[in-house]
>>> print(open('data.txt').read())   # compact mmCIF, C-alpha atoms
# COMPACT_ATOMS: atom_id res chain seq x y z
CA MET C 1 14.40 28.65 -31.88
CA SER C 2 11.82 29.47 -29.23
CA ARG C 3 11.34 27.58 -25.98
CA LEU C 4 8.35 25.26 -25.61
CA THR C 5 5.56 26.50 -23.40
CA ALA C 6 4.55 24.69 -20.22
CA GLU C 7 1.33 23.60 -21.94
CA GLU C 8 3.24 22.14 -24.89
CA LEU C 9 5.52 20.23 -22.54
CA GLN C 10 2.49 18.88 -20.66
CA ASN C 11 1.06 17.60 -23.96
CA LEU C 12 4.06 15.62 -25.15
CA PRO C 13 3.11 12.28 -26.80
CA GLU C 14 2.39 9.32 -24.50
CA ASN C 15 3.31 5.75 -25.37
CA PRO C 16 -0.01 4.01 -26.16
CA ASP C 17 1.42 0.55 -25.43
CA PRO C 18 -0.27 -0.70 -22.23
CA ASN C 19 2.21 -3.56 -21.81
CA ILE C 20 4.68 -1.58 -19.75
CA ALA C 21 5.92 -2.91 -16.44
CA GLU C 22 4.89 -1.03 -13.31
CA ALA C 23 7.51 0.50 -11.06
CA GLY C 24 7.13 -0.92 -7.56
CA LYS C 25 7.93 2.48 -6.08
CA ASP C 26 4.60 3.76 -7.43
CA VAL C 27 2.47 1.22 -5.53
CA LEU C 28 1.64 2.84 -2.20
CA LEU C 29 0.18 1.62 1.08
CA TYR C 30 -2.48 3.69 2.84
CA LEU C 31 -4.19 3.05 6.18
CA GLY C 32 -7.68 4.10 7.21
CA LYS C 33 -7.55 7.17 9.44
CA SER C 34 -11.12 8.36 9.94
CA GLY C 35 -14.71 7.97 8.80
CA SER C 36 -16.28 4.91 7.19
CA GLY C 37 -17.84 3.88 3.90
CA ASP C 38 -17.96 6.73 1.38
CA GLU C 39 -16.62 9.12 4.03
CA GLU C 40 -13.54 7.10 4.98
CA VAL C 41 -10.19 8.87 4.67
CA PHE C 42 -6.95 6.94 4.16
CA THR C 43 -3.53 8.32 5.02
CA LEU C 44 -0.28 7.44 3.29
CA VAL C 45 2.33 5.49 5.26
CA GLY C 46 5.50 7.55 4.89
CA GLY C 47 9.00 6.37 4.02
CA GLN C 48 7.86 3.29 2.13
CA ARG C 49 10.41 0.96 0.59
CA ASN C 50 8.35 -2.18 0.17
CA SER C 51 4.85 -3.44 0.96
CA THR C 52 4.21 -6.92 -0.38
CA ILE C 53 0.82 -8.52 -0.98
CA GLU C 54 1.14 -12.24 -0.31
CA MET C 55 -1.90 -14.46 -0.93
CA THR C 56 -1.73 -18.15 -0.06
CA ALA C 57 -4.02 -21.15 0.30
CA GLY C 58 -3.55 -24.11 2.59
CA SER C 59 -2.88 -27.39 0.80
CA LEU C 60 -5.20 -30.32 1.51
CA ASP C 61 -4.23 -33.85 0.54
CA GLY C 62 -6.99 -35.26 -1.67
CA SER C 63 -5.04 -38.30 -2.86
CA HIS C 64 -6.40 -41.84 -2.65
CA LYS C 65 -5.77 -45.27 -4.14
CA GLY C 66 -7.16 -44.18 -7.49
CA THR C 67 -4.78 -41.26 -8.04
CA GLY C 68 -2.06 -43.47 -9.48
CA GLY C 69 0.44 -43.04 -6.69
CA TRP C 70 0.45 -39.26 -7.03
CA THR C 71 -0.74 -36.80 -4.42
CA THR C 72 -3.70 -34.61 -5.30
CA ALA C 73 -3.47 -31.17 -3.77
CA ILE C 74 -6.70 -29.32 -3.08
CA PRO C 75 -6.62 -25.67 -2.00
CA GLY C 76 -7.89 -25.09 1.52
CA MET C 77 -8.40 -21.90 3.51
CA LYS C 78 -7.00 -18.79 1.86
CA SER C 79 -5.12 -15.99 3.62
CA TRP C 80 -3.17 -12.86 2.79
CA LYS C 81 -0.56 -10.70 4.45
CA SER C 82 1.71 -7.78 3.74
CA SER C 83 5.32 -7.38 4.81
CA PHE C 84 6.05 -3.66 5.11
CA ASP C 85 9.44 -2.02 5.43
CA GLY C 86 10.33 1.62 5.23
CA LEU C 87 12.21 4.50 6.78
CA GLN C 88 11.25 6.03 10.09
CA ILE C 89 9.69 9.42 9.38
CA MET C 90 9.18 11.64 12.42
CA ASN C 91 5.51 12.13 13.32
CA ASP C 92 4.32 10.03 10.38
CA GLU C 93 0.60 9.32 10.84
CA GLY C 94 0.72 5.98 9.01
CA ALA C 95 3.41 4.62 11.33
CA GLN C 96 1.46 5.91 14.34
CA ILE C 97 -1.64 4.05 13.15
CA MET C 98 0.39 0.85 12.67
CA GLU C 99 1.87 0.99 16.16
CA HIS C 100 -1.47 1.84 17.78
CA CYS C 101 -3.19 -1.07 16.03
CA PHE C 102 -0.38 -3.39 17.14
CA ARG C 103 -0.49 -2.28 20.78
CA TYR C 104 -4.26 -2.45 21.16
CA ASP C 105 -5.11 -5.39 18.87
CA LYS C 106 -7.08 -3.14 16.58
CA GLN C 107 -7.66 -4.04 12.94
CA ALA C 108 -6.15 -1.67 10.37
CA HIS C 109 -8.02 -0.87 7.17
CA THR C 110 -5.37 -1.26 4.49
CA LYS C 111 -5.40 0.04 0.94
CA PHE C 112 -2.80 -0.60 -1.75
CA VAL C 113 -3.01 1.99 -4.55
CA TYR C 114 -1.52 1.39 -8.01
CA PRO C 115 -0.17 4.07 -10.40
CA ASP C 116 -3.41 4.24 -12.40
CA GLY C 117 -5.45 4.78 -9.24
CA SER C 118 -6.79 1.23 -9.04
CA PHE C 119 -6.52 -0.37 -5.63
CA GLN C 120 -6.88 -3.40 -3.36
CA ILE C 121 -8.38 -3.08 0.09
CA GLY C 122 -8.79 -5.28 3.18
CA TRP C 123 -8.68 -5.43 6.98
CA ALA C 124 -5.57 -6.66 8.78
CA HIS C 125 -4.05 -7.14 12.21
CA ILE C 126 -0.54 -5.83 12.81
CA THR C 127 1.30 -8.89 14.12
CA GLU C 128 4.80 -7.42 14.04
CA PHE C 129 6.06 -3.86 14.48
CA THR C 130 9.82 -3.37 14.62
CA ARG C 131 11.85 -0.17 14.82
CA ASP C 132 15.46 -0.74 13.78
CA ASN C 133 17.83 2.00 14.99
CA PRO C 134 21.42 1.12 13.97
CA HIS C 135 24.27 3.38 15.04
CA ASP C 136 25.65 3.45 11.50
CA GLY C 137 22.54 3.49 9.34
CA ILE C 138 19.07 4.86 8.66
CA ALA C 139 16.35 4.11 11.21
CA THR C 140 13.73 1.84 9.68
CA ILE C 141 10.38 0.24 10.43
CA LYS C 142 9.32 -3.30 9.62
CA SER C 143 5.76 -4.46 10.07
CA THR C 144 3.64 -7.49 9.23
CA LEU C 145 -0.04 -7.01 8.38
CA GLU C 146 -2.03 -10.27 8.44
CA GLY C 147 -5.41 -10.27 6.74
CA VAL C 148 -8.73 -10.58 8.53
CA GLY C 149 -10.93 -12.01 5.81
CA PRO C 150 -10.26 -11.41 2.12
CA ILE C 151 -8.38 -8.70 0.32
CA SER C 152 -10.29 -7.30 -2.62
CA GLU C 153 -9.44 -7.88 -6.24
CA ILE C 154 -7.81 -4.95 -8.02
CA THR C 155 -10.60 -2.40 -8.32
CA PRO C 156 -10.69 0.48 -10.85
CA ALA C 157 -10.25 3.97 -9.42
CA ALA C 158 -13.67 4.98 -10.79
CA GLU C 159 -15.30 2.64 -8.26
CA ASP C 160 -13.50 4.17 -5.27
CA PRO C 161 -15.78 6.48 -3.23
CA ALA C 162 -13.20 7.16 -0.53
CA GLY C 163 -10.34 9.65 -0.66
CA GLU C 164 -6.69 9.46 0.23
CA GLU C 165 -5.03 12.00 2.43
CA ASP C 166 -1.59 13.23 1.56
CA THR C 167 0.98 13.73 4.28
CA ASN C 168 0.03 17.39 4.60
CA GLY C 169 -3.43 16.38 5.79
CA GLU C 170 -5.23 17.37 2.56
CA THR C 171 -7.85 14.98 1.25
CA ASN C 172 -7.46 13.77 -2.33
CA THR C 173 -10.75 12.33 -3.59
CA GLU C 174 -9.45 11.56 -7.09
CA THR C 175 -6.91 8.92 -5.94
CA ASN C 176 -4.12 10.80 -7.68
CA THR C 177 -1.01 9.02 -6.39
CA GLU C 178 1.24 11.68 -7.85
CA THR C 179 0.19 14.09 -5.13
CA THR C 180 0.30 11.72 -2.19
CA ASP C 181 3.98 11.09 -1.60
CA THR C 182 5.36 14.41 -0.43
CA THR C 183 5.42 16.29 2.82
CA GLU C 184 6.74 19.72 3.64
CA THR C 185 9.28 20.11 6.41
CA ASN C 186 10.40 23.65 7.25
CA GLY C 187 9.36 24.77 3.78
CA GLU C 188 11.32 22.08 1.94
CA THR C 189 9.64 19.27 0.08
CA GLU C 190 10.60 15.79 1.26
CA ASN C 191 9.57 12.61 -0.55
CA ASN C 192 7.90 10.17 1.86
CA GLY C 193 6.15 7.84 -0.55
CA GLU C 194 9.16 6.27 -2.18
CA GLY C 195 11.43 5.96 0.85
>>> encode(input="data.txt", output="structure tokens")
Amino acid sequence: MSRLTAEELQNLPENPDPNIAEAGKDVLLYLGKSGSGDEEVFTLVGGQRNSTIEMTAGSLDGSHKGTGGWTTAIPGMKSWKSSFDGLQIMNDEGAQIMEHCFRYDKQAHTKFVYPDGSFQIGWAHITEFTRDNPHDGIATIKSTLEGVGPISEITPAAEDPAGEEDTNGETNTETNTETTDTTETNGETENNGEG
């Protein structure tokens, strides 16, 4: 029995069922590094373990005598934030951008990219930046990104004019997340996207 060729292995059947849960490890946070508009380049934040997207609305009390003794909640001002945690990666550009934005009150352009290349994007202030350096564990970073204005709805990759930059500094204009989570250190590949 002969071995399958690389092309045959690449063309193995795919499950057509779209109702498959997404792995959280494949949702990646990028930060704007340079340029603007169609020319903007985003860089991957290395060592990611989690980056939440939390959207909330203030609750206004709209109850009155005619509401039958029940409160009537009305949504007020909306906000969003992201709680990031990950490993400290030496010389990681994403972490450098986070700390710079925190120190100098600069807004960070944030982009959350999903496995199919779709994304959400918005501006945020870094309101917390913590480096945890335990004597008996891995050094980590925790950061809070609080939205300035709205975060976009999930947008298809086809509508994304900007490119992402992998951790080797190469621009990826096709939003291919499979090529954005590795970096080479002394010739060895190290995974930075999944933490």
>>> axis_aligned_box(input="data.txt", around="region 80-86 of chain C", padding_each_side="3 Å", output="JSON")
{"center_x": 3.6, "center_y": -5.6, "center_z": 4.1, "size_x": 19.5, "size_y": 20.5, "size_z": 8.6}
>>> residues_around(input="data.txt", residues="Cys101 (chain C)", least_positions_apart="6", cutoff="10 Å", atoms="only C-alpha atoms", output="compact mmCIF listing (two decimals) with C-alpha atoms, keeping the file's coordinate frame")
# COMPACT_ATOMS: atom_id res chain seq x y z
CA ALA C 95 3.41 4.62 11.33
CA GLN C 107 -7.66 -4.04 12.94
CA ALA C 108 -6.15 -1.67 10.37
CA ALA C 124 -5.57 -6.66 8.78
CA HIS C 125 -4.05 -7.14 12.21
CA ILE C 126 -0.54 -5.83 12.81
CA THR C 127 1.30 -8.89 14.12
CA PHE C 129 6.06 -3.86 14.48
>>> atom_distance(input="data.txt", atom1="CA of Thr144 (chain C)", atom2="CA of Gly117 (chain C)")
24.0 Å
>>> residues_around(input="data.txt", residues="Asp116 (chain C)", least_positions_apart="2", cutoff="8 Å", atoms="only C-alpha atoms", output="list in words")
Tyr114, Ser118 and Ala157 of chain C
>>> write_last_selection(input="data.txt", atoms="C-alpha atoms", output="CSV table (one decimal), keeping the file's coordinate frame")
chain,number,residue,atom,x,y,z
C,114,TYR,CA,-1.5,1.4,-8.0
C,118,SER,CA,-6.8,1.2,-9.0
C,157,ALA,CA,-10.2,4.0,-9.4
>>> atom_distance(input="data.txt", atom1="CA of Ile20 (chain C)", atom2="CA of Gly46 (chain C)")
26.3 Å
>>> closest_residue(input="data.txt", among="C:Gln88, C:Ser79, C:Asn19, C:Asn50", to="Ile138 (chain C)", atoms="all atoms listed in the file")
C:Gln88
>>> residues_around(input="data.txt", residues="region 148-152 of chain C", least_positions_apart="5", cutoff="6 Å", atoms="all atoms listed in the file", output="ChimeraX atom specification")
/C:120-124
>>> atom_distance(input="data.txt", atom1="CA of Leu12 (chain C)", atom2="CA of Lys25 (chain C)")
23.5 Å
>>> residues_around(input="data.txt", residues="region 58-62 of chain C", least_positions_apart="6", cutoff="9 Å", atoms="all atoms listed in the file", output="NGL selection string")
:C and (71-79)
>>> residues_around(input="data.txt", residues="Ala139 (chain C)", least_positions_apart="5", cutoff="10 Å", atoms="all atoms listed in the file", output="PyMOL selection string")
chain C and resi 86-89+131-134
>>> write_last_selection(input="data.txt", atoms="C-alpha atoms", output="CSV table (one decimal), in the coordinates of the input")
chain,number,residue,atom,x,y,z
C,86,GLY,CA,10.3,1.6,5.2
C,87,LEU,CA,12.2,4.5,6.8
C,88,GLN,CA,11.2,6.0,10.1
C,89,ILE,CA,9.7,9.4,9.4
C,131,ARG,CA,11.8,-0.2,14.8
C,132,ASP,CA,15.5,-0.7,13.8
C,133,ASN,CA,17.8,2.0,15.0
C,134,PRO,CA,21.4,1.1,14.0
>>> closest_residue(input="data.txt", among="C:Met1, C:Ser51, C:His135, C:Gly37", to="Lys81 (chain C)", atoms="all atoms listed in the file")
C:Ser51
>>> build_atoms(input="data.txt", residues="region 104-136 of chain C", atoms="N, CA and C atoms", output="PDB file, in the frame of the given file")
ATOM      1  N   TYR C 104      -2.914  -2.277  20.620  1.00  0.00           N
ATOM      2  CA  TYR C 104      -4.260  -2.450  21.160  1.00  0.00           C
ATOM      3  C   TYR C 104      -5.102  -3.444  20.373  1.00  0.00           C
ATOM      4  N   ASP C 105      -4.426  -4.311  19.596  1.00  0.00           N
ATOM      5  CA  ASP C 105      -5.110  -5.390  18.870  1.00  0.00           C
ATOM      6  C   ASP C 105      -6.260  -4.877  18.007  1.00  0.00           C
ATOM      7  N   LYS C 106      -6.053  -3.722  17.414  1.00  0.00           N
ATOM      8  CA  LYS C 106      -7.080  -3.140  16.580  1.00  0.00           C
ATOM      9  C   LYS C 106      -6.793  -3.461  15.113  1.00  0.00           C
ATOM     10  N   GLN C 107      -7.836  -3.763  14.358  1.00  0.00           N
ATOM     11  CA  GLN C 107      -7.660  -4.040  12.940  1.00  0.00           C
ATOM     12  C   GLN C 107      -7.387  -2.736  12.170  1.00  0.00           C
ATOM     13  N   ALA C 108      -6.470  -2.819  11.229  1.00  0.00           N
ATOM     14  CA  ALA C 108      -6.150  -1.670  10.370  1.00  0.00           C
ATOM     15  C   ALA C 108      -6.815  -1.866   9.019  1.00  0.00           C
ATOM     16  N   HIS C 109      -7.432  -0.813   8.504  1.00  0.00           N
ATOM     17  CA  HIS C 109      -8.020  -0.870   7.170  1.00  0.00           C
ATOM     18  C   HIS C 109      -6.939  -0.497   6.177  1.00  0.00           C
ATOM     19  N   THR C 110      -6.505  -1.453   5.377  1.00  0.00           N
ATOM     20  CA  THR C 110      -5.370  -1.260   4.490  1.00  0.00           C
ATOM     21  C   THR C 110      -5.819  -1.080   3.054  1.00  0.00           C
ATOM     22  N   LYS C 111      -5.072  -0.250   2.329  1.00  0.00           N
ATOM     23  CA  LYS C 111      -5.400   0.040   0.940  1.00  0.00           C
ATOM     24  C   LYS C 111      -4.099   0.174   0.150  1.00  0.00           C
ATOM     25  N   PHE C 112      -3.965  -0.638  -0.892  1.00  0.00           N
ATOM     26  CA  PHE C 112      -2.800  -0.600  -1.750  1.00  0.00           C
ATOM     27  C   PHE C 112      -3.212   0.068  -3.066  1.00  0.00           C
ATOM     28  N   VAL C 113      -2.607   1.193  -3.389  1.00  0.00           N
ATOM     29  CA  VAL C 113      -3.010   1.990  -4.550  1.00  0.00           C
ATOM     30  C   VAL C 113      -1.942   1.884  -5.641  1.00  0.00           C
ATOM     31  N   TYR C 114      -2.399   1.557  -6.861  1.00  0.00           N
ATOM     32  CA  TYR C 114      -1.520   1.390  -8.010  1.00  0.00           C
ATOM     33  C   TYR C 114      -1.402   2.701  -8.796  1.00  0.00           C
ATOM     34  N   PRO C 115      -0.412   2.797  -9.700  1.00  0.00           N
ATOM     35  CA  PRO C 115      -0.170   4.070 -10.400  1.00  0.00           C
ATOM     36  C   PRO C 115      -1.372   4.623 -11.147  1.00  0.00           C
ATOM     37  N   ASP C 116      -2.251   3.747 -11.660  1.00  0.00           N
ATOM     38  CA  ASP C 116      -3.410   4.240 -12.400  1.00  0.00           C
ATOM     39  C   ASP C 116      -4.600   4.554 -11.502  1.00  0.00           C
ATOM     40  N   GLY C 117      -4.392   4.474 -10.184  1.00  0.00           N
ATOM     41  CA  GLY C 117      -5.450   4.780  -9.240  1.00  0.00           C
ATOM     42  C   GLY C 117      -6.265   3.581  -8.817  1.00  0.00           C
ATOM     43  N   SER C 118      -6.091   2.440  -9.482  1.00  0.00           N
ATOM     44  CA  SER C 118      -6.790   1.230  -9.040  1.00  0.00           C
ATOM     45  C   SER C 118      -6.222   0.801  -7.694  1.00  0.00           C
ATOM     46  N   PHE C 119      -6.928  -0.081  -6.995  1.00  0.00           N
ATOM     47  CA  PHE C 119      -6.520  -0.370  -5.630  1.00  0.00           C
ATOM     48  C   PHE C 119      -7.012  -1.750  -5.176  1.00  0.00           C
ATOM     49  N   GLN C 120      -6.403  -2.236  -4.099  1.00  0.00           N
ATOM     50  CA  GLN C 120      -6.880  -3.400  -3.360  1.00  0.00           C
ATOM     51  C   GLN C 120      -7.051  -2.976  -1.905  1.00  0.00           C
ATOM     52  N   ILE C 121      -8.061  -3.537  -1.254  1.00  0.00           N
ATOM     53  CA  ILE C 121      -8.380  -3.080   0.090  1.00  0.00           C
ATOM     54  C   ILE C 121      -8.766  -4.270   0.967  1.00  0.00           C
ATOM     55  N   GLY C 122      -8.435  -4.201   2.261  1.00  0.00           N
ATOM     56  CA  GLY C 122      -8.790  -5.280   3.180  1.00  0.00           C
ATOM     57  C   GLY C 122      -8.441  -4.884   4.614  1.00  0.00           C
ATOM     58  N   TRP C 123      -8.966  -5.648   5.556  1.00  0.00           N
ATOM     59  CA  TRP C 123      -8.680  -5.430   6.980  1.00  0.00           C
ATOM     60  C   TRP C 123      -7.540  -6.346   7.406  1.00  0.00           C
ATOM     61  N   ALA C 124      -6.720  -5.868   8.340  1.00  0.00           N
ATOM     62  CA  ALA C 124      -5.570  -6.660   8.780  1.00  0.00           C
ATOM     63  C   ALA C 124      -5.219  -6.349  10.219  1.00  0.00           C
ATOM     64  N   HIS C 125      -4.676  -7.346  10.905  1.00  0.00           N
ATOM     65  CA  HIS C 125      -4.050  -7.140  12.210  1.00  0.00           C
ATOM     66  C   HIS C 125      -2.557  -6.915  12.013  1.00  0.00           C
ATOM     67  N   ILE C 126      -1.987  -6.041  12.818  1.00  0.00           N
ATOM     68  CA  ILE C 126      -0.540  -5.830  12.810  1.00  0.00           C
ATOM     69  C   ILE C 126       0.062  -6.832  13.783  1.00  0.00           C
ATOM     70  N   THR C 127       0.754  -7.836  13.249  1.00  0.00           N
ATOM     71  CA  THR C 127       1.300  -8.890  14.120  1.00  0.00           C
ATOM     72  C   THR C 127       2.789  -8.716  14.393  1.00  0.00           C
ATOM     73  N   GLU C 128       3.402  -7.745  13.747  1.00  0.00           N
ATOM     74  CA  GLU C 128       4.800  -7.420  14.040  1.00  0.00           C
ATOM     75  C   GLU C 128       4.991  -5.928  13.774  1.00  0.00           C
ATOM     76  N   PHE C 129       5.707  -5.271  14.676  1.00  0.00           N
ATOM     77  CA  PHE C 129       6.060  -3.860  14.480  1.00  0.00           C
ATOM     78  C   PHE C 129       7.438  -3.655  15.065  1.00  0.00           C
ATOM     79  N   THR C 130       8.423  -3.454  14.199  1.00  0.00           N
ATOM     80  CA  THR C 130       9.820  -3.370  14.620  1.00  0.00           C
ATOM     81  C   THR C 130      10.428  -2.049  14.197  1.00  0.00           C
ATOM     82  N   ARG C 131      11.053  -1.349  15.133  1.00  0.00           N
ATOM     83  CA  ARG C 131      11.850  -0.170  14.820  1.00  0.00           C
ATOM     84  C   ARG C 131      13.322  -0.562  14.912  1.00  0.00           C
ATOM     85  N   ASP C 132      14.043  -0.402  13.822  1.00  0.00           N
ATOM     86  CA  ASP C 132      15.460  -0.740  13.780  1.00  0.00           C
ATOM     87  C   ASP C 132      16.256   0.565  13.776  1.00  0.00           C
ATOM     88  N   ASN C 133      17.109   0.737  14.810  1.00  0.00           N
ATOM     89  CA  ASN C 133      17.830   2.000  14.990  1.00  0.00           C
ATOM     90  C   ASN C 133      19.341   1.757  15.059  1.00  0.00           C
ATOM     91  N   PRO C 134      19.981   1.409  13.943  1.00  0.00           N
ATOM     92  CA  PRO C 134      21.420   1.120  13.970  1.00  0.00           C
ATOM     93  C   PRO C 134      22.252   2.380  14.177  1.00  0.00           C
ATOM     94  N   HIS C 135      23.417   2.219  14.786  1.00  0.00           N
ATOM     95  CA  HIS C 135      24.270   3.380  15.040  1.00  0.00           C
ATOM     96  C   HIS C 135      24.907   3.912  13.761  1.00  0.00           C
ATOM     97  N   ASP C 136      24.949   3.051  12.719  1.00  0.00           N
ATOM     98  CA  ASP C 136      25.650   3.450  11.500  1.00  0.00           C
ATOM     99  C   ASP C 136      24.745   3.407  10.271  1.00  0.00           C
TER     100      ASP C 136
END
